[in-house]
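**Q** Take this structure first; my questions come after.
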Amino acid sequence: METVKIKIDNKQLEVPKGTTILQAAKDAGITIPTLCYMNLPHLAKEHKPGSCRVCVVEVKGHKTLVPSCVTKCVDGMEVLTHSLRAINARRTVVELLISDHPKDCLICPSSGSCELQDLAITLGIREIPCVDNAAISTYRKDSSPSLLRDMDKCVMCRSCETVCNEIQTVGALNAIHRGFMSVVAPAFEQDLIDSPCTFCGQCVAVCPTGALTMQDHTFQVIRALADESKFVVVQTAPAVRAALGEEFGYEPGTLVTGKMVAALRALGFDKVLDTDFAADLTIMEEGTELLDRISRHLQGDKDVRLPILTSCCPAWVNFFETNYPDMLDVPSTARSPQQMFGSIAKTYLANKLGVKKEDMVVVSIMPCLAKKYECQRKEFYTDGIPDVDYALSTRELARLIKYGNIDFTSLEDENFDRFMGESTGAAVIFGVTGGVIEAATRTAYEIFTGKTLENVDFHELRGLEGIRQATIDFDGTPIHIGIAHTLGNARKLLDGVRSGMYNFHAIEIMACPGGCIGGAGQPLHRGDSSVLEARMKAIYKEDANKVIRKSHENPEIVTLYEEFLGAPMSEKAHELLHTCYFCHPRK
Amino acid sequence: MYKMQLLVCGGTGCQASASATIVDKLNESLKAHGLTEDAQVVITGCFGFCEKGPIVKVIPDNTFYTQVTPEDAEEIVAEHILKGRRVSRLLYEDPETKEHVSDSKHMGFYQKQMRIALRNCGFIDPENIDEYIARDGYSALAQVITELTPDQAIDMLKQSGLRGRGGAGFPAGLKWEFTKNYTADQKYVVCNADEGDPGAFMDRSILEGDPNSVIEAMAICGYCIGANKGVVYIRAEYPLAIHRLQVAIEQANEYGLLGKNILGTDFSFEMELRYGAGAFVCGEETALIASMEGGRGEPNFKPPFPAESGYNKKPTCVNNVETFANVPVIYLKGPEWFSSIGTEKSKGTKVFALAGKINNVGLIEVPMGITLREIIFEIGGGIKDGKKFKAVQTGGPSGGCLTEKDLDTPIDFDSLLAAGSMMGSGGMIVMDEDDCMVSIAKFYLEFIVEESCGKCTPCRVGNKRMLETLEKICGGKGDMEDLDNLRNMAHVIRDTSLCGLGQTSPNPVLSTLDNFYDEYVAHVKDKKCEAKQCKALATYTIIPEACTGCTVCARNCPTDAITGERRQPHFINQDLCIRCGVCYTKCKFNAILVQ
């Protein structure tokens, strides 16, 4: 490997050719502050527009200061990261950023997790020059069911733009206007709800300030809990239990299922139930649909649309509705676990518990921001009542627990309530990319072949690679499976299917990197891929610890079909557990 | 064959003064006098002497008529063309001797000029390729592609010492060589015609007056670097330049001077135009390329330079219009000829757009090494209305203000930088004693703030803050701390901005702070604007001797700051006065004094 010799802050270093000053400094223990720089190694994406100018350093012999994030080390280079000139420039740049930034840090949703705030603290900014007559660029606020845009707080790092365009290929956010008024916004300054936004929320996950944040529904939930006439049921998605602990100081990947249940019960929820139950239900419906299509296909039915696409991810549903209107009959019609839970809770469960449907409030705890939009979709209202009332993110749940003055770390583990609290290992892995299709395979295999599946671990379906392919032997019948996470990879896969490059029976797609464990409602990981890997491990560990690991063996699921639904894909199941898709769902 | 030609300036400035109607009237008169066989009217590009436009030049006797109106057409034809008598009232009058000068060669405005880039402007019909060919047009291209290897041709350009005329003055030959040295399946030649400095119209005039010279040079460049595609990025507000370029490209294609296998060689070169929406920053080459690709016009970090990865990520050679316009002559007359002109490190000539408080506003081309004094006082004819010279801003908004002490410095790329300004693309705005230098700095910053793309923090926010500070100072609310802040901010913006636009944007502030610090201090400490440009700093008083007590001022004062009895001198209460100036405009007796 070719190397270059450089000096940073008088430290003699030898680094591989092509290394940036920022990286070389970091490896030598010198942390140069940054703002617009974002590294997402798990997505092989380094966003470095070199535009915030916070990371400028002095290079001997160079006319101007240089941005260390984009400047490559050159043999013999002498770099000073903390010369008077560099420090003065860095401070002035941060002062300039703050001068064009609202000063409402105390009540900002990103207070405490704001990178601009961190910079102000690190650099000890105490005064903003010319603040008396400094104009602040202000913009119309935009409130969508999932996300909030308060662009007064935008620092033009453009990370959201990179994520939205390059990772997700959604194209909802781009820089508009010029100079002092330039800002990131949907085209023609549309509201997000009118834009191609899928509400995946990955822009929120990378926004360093409070410019892009999530809708906060915690207080609606507190109000519902306080209302004695309401019977409040809570469901928790699989990925939440693998990440919630991080908000309370636990190492990433610590499973806190029992404490989470205890906390929810302590908060006053009337029933603490599990979305995992609904995930098992999803497998029954989606798996049956898959088998039905495959069987018809194998019998030579030319009308069958294959591959079947999973439909649990609401951002993915939004994405294909906008981008693939010609393929609306390809995805499974099965609703997402969140919505299946809602419709069963407000019918079967309400009836069983003797609670009136209009008195039941269903709250879901999700790793996801698109779920907030999903539960408000008109298809998921029955007689004017939503199947799921409020979708809270993992971060909102952590806040709710703190509102409740609950000392999370000292809670004793508790178990979910029944009915709709029992789940299998197949349901847990819904939280990670490849998990849904693995769960479906476990069930479909047994039904298709009539044989018992001895080894339920399909390692060929696991991993963090963006697009994965595998062929599973269904006792002589090869079933081709495709998996993609991030919408950009989904687009590649779908375009490949459209052009005939790929030939799959089934495809699983998750909008967020890593699947739900990397959802935008999870504790922020700021590009630290080891966090994602730890959460993934935790999910598979939970699966391995489960006694039952195949969805069709979940006793509550068996009961539900016996007592209420009849069989998968029955008329009742269609009415409550399936949906249809629209080209312009928001029009 | 015509015996005489009437050359009428068809540049944008003269067209705005009805030069097209003059053409019609001249043609009508020629027809009426039966002279259509003998004399021909030719619409040319800009003559440069815009101050005295519209210009009509009669050849072969080189009579130079100034400020011609459509009504003068008949007289020119009847007297000059028919009877051979010059219309003396339309001739230029020497300001010193008060004598009529008929030949432009003897006019102060032209005497010190040397026209290389503008060699054909005002001589030929830009919409007729034959006229360009008649003046050795396309023979440089023919010579290069049939007799020279690309390396030889690049060497000649390097020997000539031609530096890019777009602003930074990077050696053109080196740029071509770098681009040549990268291997790629596709390369591009891009002409930067996104001239956007306030008051600058050099490139526009070249494209309007001699589009073929640019096309020829781009083809030569294409041959040298191995590109078969040329793109001119031109701002859409230059409709005439666009039209003439389109005509020229069409004609060159017809003649086989563009297209496949030019002049029977293996070399092919196609050209197209790309329109810019008029963003100043798109003159920066990486921003220009981003805009050409359909993206947002904002610069990117260099390296990679366009020579390595430019348009469509392919090696691209970007030169501006004036640079290209110099190229064909270099091959025709030889690099030694070119390098004999100018200074040691800056060869050849430079076109300037001379504007501001100067007698001869217009477009000039002068050899490098000429002094500002020669330009302003000899070519420019000195300051308007006999006022005192105060400063000259070179290099547009990216340049700086130079003063009396710099007047005798021989100007070239390096000396201007050393003096705290820059060559830029060639804007030159002259200021006199009535100009407030704080307001001048504010004017340029307003432009920069308007034109900043918004990508990097110092340019986006810093320039806005500097502008606000200058507004505060001009508004009479400044203090000494503002001056320190201004200087620090200016240094940081220069030190940290992403592109050339941002890095040079504080130059007007820094150069005025350096050269006119006292004027800033007067604004903040004494709350005085000597030039009386800053309204908020003016004091309005009534001269008792002149005041008739007519009460008009008092009745019109919006804040009732003026009191006084009828037929008695009035008085302005300074605490109530908002310095709106209504009393000054209403007073019929010149009794209001502004200080």
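As shown in the structure tokens, the chain order sets the letters A, B, ...; within each chain, residues go from 1, and ligands are also counted from 1 in the order they appear.
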Write out as number ranges by chain each polymer residue whose atoms come within 12 Å of A:Ala89, counting only C-alpha atoms; drop sequence neighbours fewer than 2 positions from it.
**A** A: 52-58, 64-67, 81-87, 91-96, 123; B: 457-458, 462, 488-497
**Q** Selection from above, N, CA and C atoms, as a short mmCIF file (atom, residue, chain, number, x, y, z; two decimals), in the first residue's frame, can you write it?
**A**
```cif
data_model
loop_
_atom_site.label_atom_id
_atom_site.label_comp_id
_atom_site.auth_asym_id
_atom_site.auth_seq_id
_atom_site.Cartn_x
_atom_site.Cartn_y
_atom_site.Cartn_z
N CYS A 52 -19.71 23.14 5.39
CA CYS A 52 -19.97 23.88 6.62
C CYS A 52 -18.74 24.67 7.05
N ARG A 53 -17.58 24.21 6.67
CA ARG A 53 -16.29 24.83 6.95
C ARG A 53 -15.93 24.85 8.43
N VAL A 54 -16.55 23.97 9.20
CA VAL A 54 -16.20 23.87 10.62
C VAL A 54 -14.87 23.13 10.79
N CYS A 55 -14.59 22.19 9.87
CA CYS A 55 -13.41 21.35 10.03
C CYS A 55 -12.17 21.96 9.37
N VAL A 56 -12.20 23.26 9.10
CA VAL A 56 -11.04 23.84 8.41
C VAL A 56 -9.78 23.76 9.28
N VAL A 57 -8.67 23.52 8.60
CA VAL A 57 -7.37 23.47 9.26
C VAL A 57 -6.37 24.26 8.44
N GLU A 58 -5.26 24.58 9.07
CA GLU A 58 -4.23 25.33 8.36
C GLU A 58 -3.21 24.35 7.78
N THR A 64 -5.30 29.49 1.55
CA THR A 64 -6.45 29.58 2.44
C THR A 64 -6.43 28.39 3.39
N LEU A 65 -7.33 28.41 4.36
CA LEU A 65 -7.51 27.21 5.19
C LEU A 65 -8.18 26.15 4.32
N VAL A 66 -8.05 24.90 4.71
CA VAL A 66 -8.68 23.86 3.89
C VAL A 66 -9.63 23.03 4.75
N PRO A 67 -10.73 22.54 4.14
CA PRO A 67 -11.65 21.66 4.87
C PRO A 67 -11.00 20.29 5.02
N THR A 81 -4.14 21.94 13.27
CA THR A 81 -5.59 21.92 13.46
C THR A 81 -6.03 22.94 14.50
N HIS A 82 -5.08 23.40 15.32
CA HIS A 82 -5.49 24.34 16.36
C HIS A 82 -4.62 25.59 16.40
N SER A 83 -4.18 26.04 15.21
CA SER A 83 -3.47 27.32 15.18
C SER A 83 -4.48 28.42 15.46
N LEU A 84 -3.99 29.57 15.81
CA LEU A 84 -4.88 30.71 16.08
C LEU A 84 -5.79 30.96 14.89
N ARG A 85 -5.17 30.89 13.70
CA ARG A 85 -5.93 31.17 12.49
C ARG A 85 -7.07 30.16 12.30
N ALA A 86 -6.75 28.87 12.56
CA ALA A 86 -7.77 27.82 12.38
C ALA A 86 -8.86 27.94 13.44
N ILE A 87 -8.45 28.16 14.67
CA ILE A 87 -9.44 28.24 15.75
C ILE A 87 -10.35 29.46 15.55
N ARG A 91 -14.30 29.13 15.00
CA ARG A 91 -15.24 29.80 15.92
C ARG A 91 -16.13 30.77 15.16
N THR A 92 -15.51 31.53 14.26
CA THR A 92 -16.31 32.51 13.52
C THR A 92 -17.37 31.81 12.68
N VAL A 93 -16.98 30.68 12.07
CA VAL A 93 -17.95 29.94 11.26
C VAL A 93 -19.12 29.45 12.12
N VAL A 94 -18.79 28.91 13.30
CA VAL A 94 -19.87 28.43 14.18
C VAL A 94 -20.72 29.61 14.67
N GLU A 95 -20.06 30.72 14.97
CA GLU A 95 -20.82 31.91 15.37
C GLU A 95 -21.77 32.35 14.26
N LEU A 96 -21.28 32.28 13.04
CA LEU A 96 -22.13 32.65 11.90
C LEU A 96 -23.33 31.72 11.81
N LEU A 123 -16.65 24.67 21.53
CA LEU A 123 -15.85 25.84 21.18
C LEU A 123 -16.05 26.99 22.16
N THR B 457 -20.96 27.96 4.58
CA THR B 457 -21.39 28.86 5.65
C THR B 457 -20.81 30.28 5.53
N PRO B 458 -19.50 30.43 5.37
CA PRO B 458 -18.95 31.80 5.39
C PRO B 458 -19.55 32.70 4.33
N GLY B 462 -21.84 34.72 6.32
CA GLY B 462 -20.86 35.77 6.60
C GLY B 462 -21.06 37.03 5.78
N ASN B 488 -12.42 41.11 10.76
CA ASN B 488 -12.24 39.70 11.11
C ASN B 488 -13.09 38.81 10.21
N MET B 489 -14.35 39.24 10.05
CA MET B 489 -15.27 38.45 9.22
C MET B 489 -14.72 38.35 7.80
N ALA B 490 -14.24 39.47 7.29
CA ALA B 490 -13.72 39.49 5.91
C ALA B 490 -12.55 38.51 5.77
N HIS B 491 -11.67 38.50 6.76
CA HIS B 491 -10.53 37.60 6.69
C HIS B 491 -10.98 36.14 6.76
N VAL B 492 -11.93 35.86 7.64
CA VAL B 492 -12.39 34.47 7.77
C VAL B 492 -13.11 34.02 6.51
N ILE B 493 -13.91 34.89 5.93
CA ILE B 493 -14.62 34.52 4.70
C ILE B 493 -13.61 34.22 3.59
N ARG B 494 -12.57 35.04 3.51
CA ARG B 494 -11.56 34.84 2.49
C ARG B 494 -10.80 33.53 2.73
N ASP B 495 -10.63 33.22 4.00
CA ASP B 495 -9.83 32.06 4.40
C ASP B 495 -10.59 30.74 4.32
N THR B 496 -11.91 30.80 4.41
CA THR B 496 -12.66 29.55 4.59
C THR B 496 -13.70 29.26 3.52
N SER B 497 -13.97 30.21 2.63
CA SER B 497 -15.05 29.94 1.65
C SER B 497 -14.65 28.82 0.70
#
```
**Q** Go through stretch 104-135 of chain A and collect every residue that DSSP, computed from the backbone, puts in helix (DSSP H, G or I); the answer should be as number ranges by chain.
**A** A: 105-107, 115-122
**Q** From a DSSP pass on the backbone, collect the residues of stretch 253-337 of chain A flagged as strand (DSSP E) and hand them back as a ChimeraX atom specification.
**A** /A:271-274,308-309
**Q** Do a neighbour search on stretch 82-96 of chain B at 10 Å with only C-alpha atoms, toss out local chain neighbours closer than 4 positions, and write the hits as a PyMOL selection string.
**A** chain B and resi 30+33-35+38-39+52+55-56+58+61+63-69+72+75-78+100-104+106-108+359+381
**Q** For chain B, report every residue with an atom at most 8 Å from chain A (counting only C-alpha atoms), formatted as a VMD selection string.
**A** chain B and resid 296 300 to 301 449 to 462 464 to 465 468 to 469 482 485 489 492 494 to 498
**Q** Grab the residues selected above and save them as an mmCIF file, in the first residue's frame with N, CA and C atoms.
**A**
```cif
data_model
loop_
_atom_site.group_PDB
_atom_site.id
_atom_site.type_symbol
_atom_site.label_atom_id
_atom_site.label_comp_id
_atom_site.auth_asym_id
_atom_site.auth_seq_id
_atom_site.Cartn_x
_atom_site.Cartn_y
_atom_site.Cartn_z
ATOM 1 N N ARG B 296 -28.066 21.760 -9.455
ATOM 2 C CA ARG B 296 -28.093 23.071 -8.850
ATOM 3 C C ARG B 296 -26.743 23.735 -9.105
ATOM 4 N N ASN B 300 -18.148 22.748 -6.457
ATOM 5 C CA ASN B 300 -17.710 21.574 -5.712
ATOM 6 C C ASN B 300 -16.247 21.728 -5.360
ATOM 7 N N PHE B 301 -15.850 20.959 -4.378
ATOM 8 C CA PHE B 301 -14.473 21.021 -3.926
ATOM 9 C C PHE B 301 -13.537 20.530 -5.035
ATOM 10 N N VAL B 449 -24.278 38.947 -1.877
ATOM 11 C CA VAL B 449 -25.297 38.288 -1.055
ATOM 12 C C VAL B 449 -26.408 37.753 -1.955
ATOM 13 N N GLU B 450 -26.749 38.544 -2.968
ATOM 14 C CA GLU B 450 -27.770 38.125 -3.924
ATOM 15 C C GLU B 450 -27.302 36.896 -4.716
ATOM 16 N N GLU B 451 -26.015 36.858 -5.024
ATOM 17 C CA GLU B 451 -25.507 35.835 -5.937
ATOM 18 C C GLU B 451 -24.861 34.636 -5.240
ATOM 19 N N SER B 452 -24.683 34.681 -3.944
ATOM 20 C CA SER B 452 -24.108 33.536 -3.240
ATOM 21 C C SER B 452 -25.009 32.330 -3.453
ATOM 22 N N CYS B 453 -24.403 31.157 -3.685
ATOM 23 C CA CYS B 453 -25.254 29.990 -3.934
ATOM 24 C C CYS B 453 -25.826 29.444 -2.639
ATOM 25 N N GLY B 454 -25.144 29.718 -1.522
ATOM 26 C CA GLY B 454 -25.671 29.250 -0.245
ATOM 27 C C GLY B 454 -25.081 27.942 0.223
ATOM 28 N N LYS B 455 -24.099 27.430 -0.512
ATOM 29 C CA LYS B 455 -23.574 26.118 -0.121
ATOM 30 C C LYS B 455 -22.716 26.203 1.145
ATOM 31 N N CYS B 456 -21.734 27.092 1.183
ATOM 32 C CA CYS B 456 -20.853 27.104 2.352
ATOM 33 C C CYS B 456 -21.220 28.227 3.326
ATOM 34 N N THR B 457 -20.956 27.956 4.584
ATOM 35 C CA THR B 457 -21.388 28.863 5.647
ATOM 36 C C THR B 457 -20.813 30.278 5.531
ATOM 37 N N PRO B 458 -19.497 30.431 5.367
ATOM 38 C CA PRO B 458 -18.949 31.803 5.394
ATOM 39 C C PRO B 458 -19.554 32.697 4.326
ATOM 40 N N CYS B 459 -19.736 32.179 3.143
ATOM 41 C CA CYS B 459 -20.279 33.008 2.077
ATOM 42 C C CYS B 459 -21.774 33.234 2.294
ATOM 43 N N ARG B 460 -22.488 32.175 2.686
ATOM 44 C CA ARG B 460 -23.937 32.281 2.842
ATOM 45 C C ARG B 460 -24.313 33.213 3.981
ATOM 46 N N VAL B 461 -23.698 32.995 5.141
ATOM 47 C CA VAL B 461 -24.092 33.782 6.308
ATOM 48 C C VAL B 461 -23.148 34.978 6.513
ATOM 49 N N GLY B 462 -21.842 34.725 6.324
ATOM 50 C CA GLY B 462 -20.858 35.770 6.605
ATOM 51 C C GLY B 462 -21.064 37.025 5.778
ATOM 52 N N LYS B 464 -23.776 38.022 4.400
ATOM 53 C CA LYS B 464 -25.020 38.662 4.850
ATOM 54 C C LYS B 464 -24.737 39.506 6.105
ATOM 55 N N ARG B 465 -23.946 38.947 7.017
ATOM 56 C CA ARG B 465 -23.640 39.679 8.251
ATOM 57 C C ARG B 465 -22.791 40.915 7.958
ATOM 58 N N GLU B 468 -25.113 43.492 6.592
ATOM 59 C CA GLU B 468 -25.912 44.100 7.668
ATOM 60 C C GLU B 468 -25.081 45.114 8.453
ATOM 61 N N THR B 469 -23.810 44.767 8.671
ATOM 62 C CA THR B 469 -22.939 45.692 9.406
ATOM 63 C C THR B 469 -22.729 46.976 8.599
ATOM 64 N N ASP B 482 -17.727 47.493 15.201
ATOM 65 C CA ASP B 482 -18.218 46.966 13.922
ATOM 66 C C ASP B 482 -17.088 46.887 12.905
ATOM 67 N N ASN B 485 -15.078 43.837 13.722
ATOM 68 C CA ASN B 485 -15.842 42.649 13.319
ATOM 69 C C ASN B 485 -15.801 42.457 11.817
ATOM 70 N N MET B 489 -14.351 39.235 10.048
ATOM 71 C CA MET B 489 -15.271 38.454 9.221
ATOM 72 C C MET B 489 -14.721 38.347 7.801
ATOM 73 N N VAL B 492 -11.933 35.860 7.640
ATOM 74 C CA VAL B 492 -12.389 34.470 7.770
ATOM 75 C C VAL B 492 -13.109 34.016 6.506
ATOM 76 N N ARG B 494 -12.572 35.044 3.509
ATOM 77 C CA ARG B 494 -11.555 34.841 2.486
ATOM 78 C C ARG B 494 -10.801 33.529 2.734
ATOM 79 N N ASP B 495 -10.628 33.219 3.998
ATOM 80 C CA ASP B 495 -9.830 32.062 4.401
ATOM 81 C C ASP B 495 -10.591 30.743 4.322
ATOM 82 N N THR B 496 -11.910 30.803 4.410
ATOM 83 C CA THR B 496 -12.661 29.553 4.592
ATOM 84 C C THR B 496 -13.703 29.264 3.522
ATOM 85 N N SER B 497 -13.975 30.207 2.626
ATOM 86 C CA SER B 497 -15.045 29.937 1.655
ATOM 87 C C SER B 497 -14.646 28.825 0.705
ATOM 88 N N LEU B 498 -15.672 28.171 0.150
ATOM 89 C CA LEU B 498 -15.442 26.999 -0.687
ATOM 90 C C LEU B 498 -14.894 27.363 -2.061
#
```
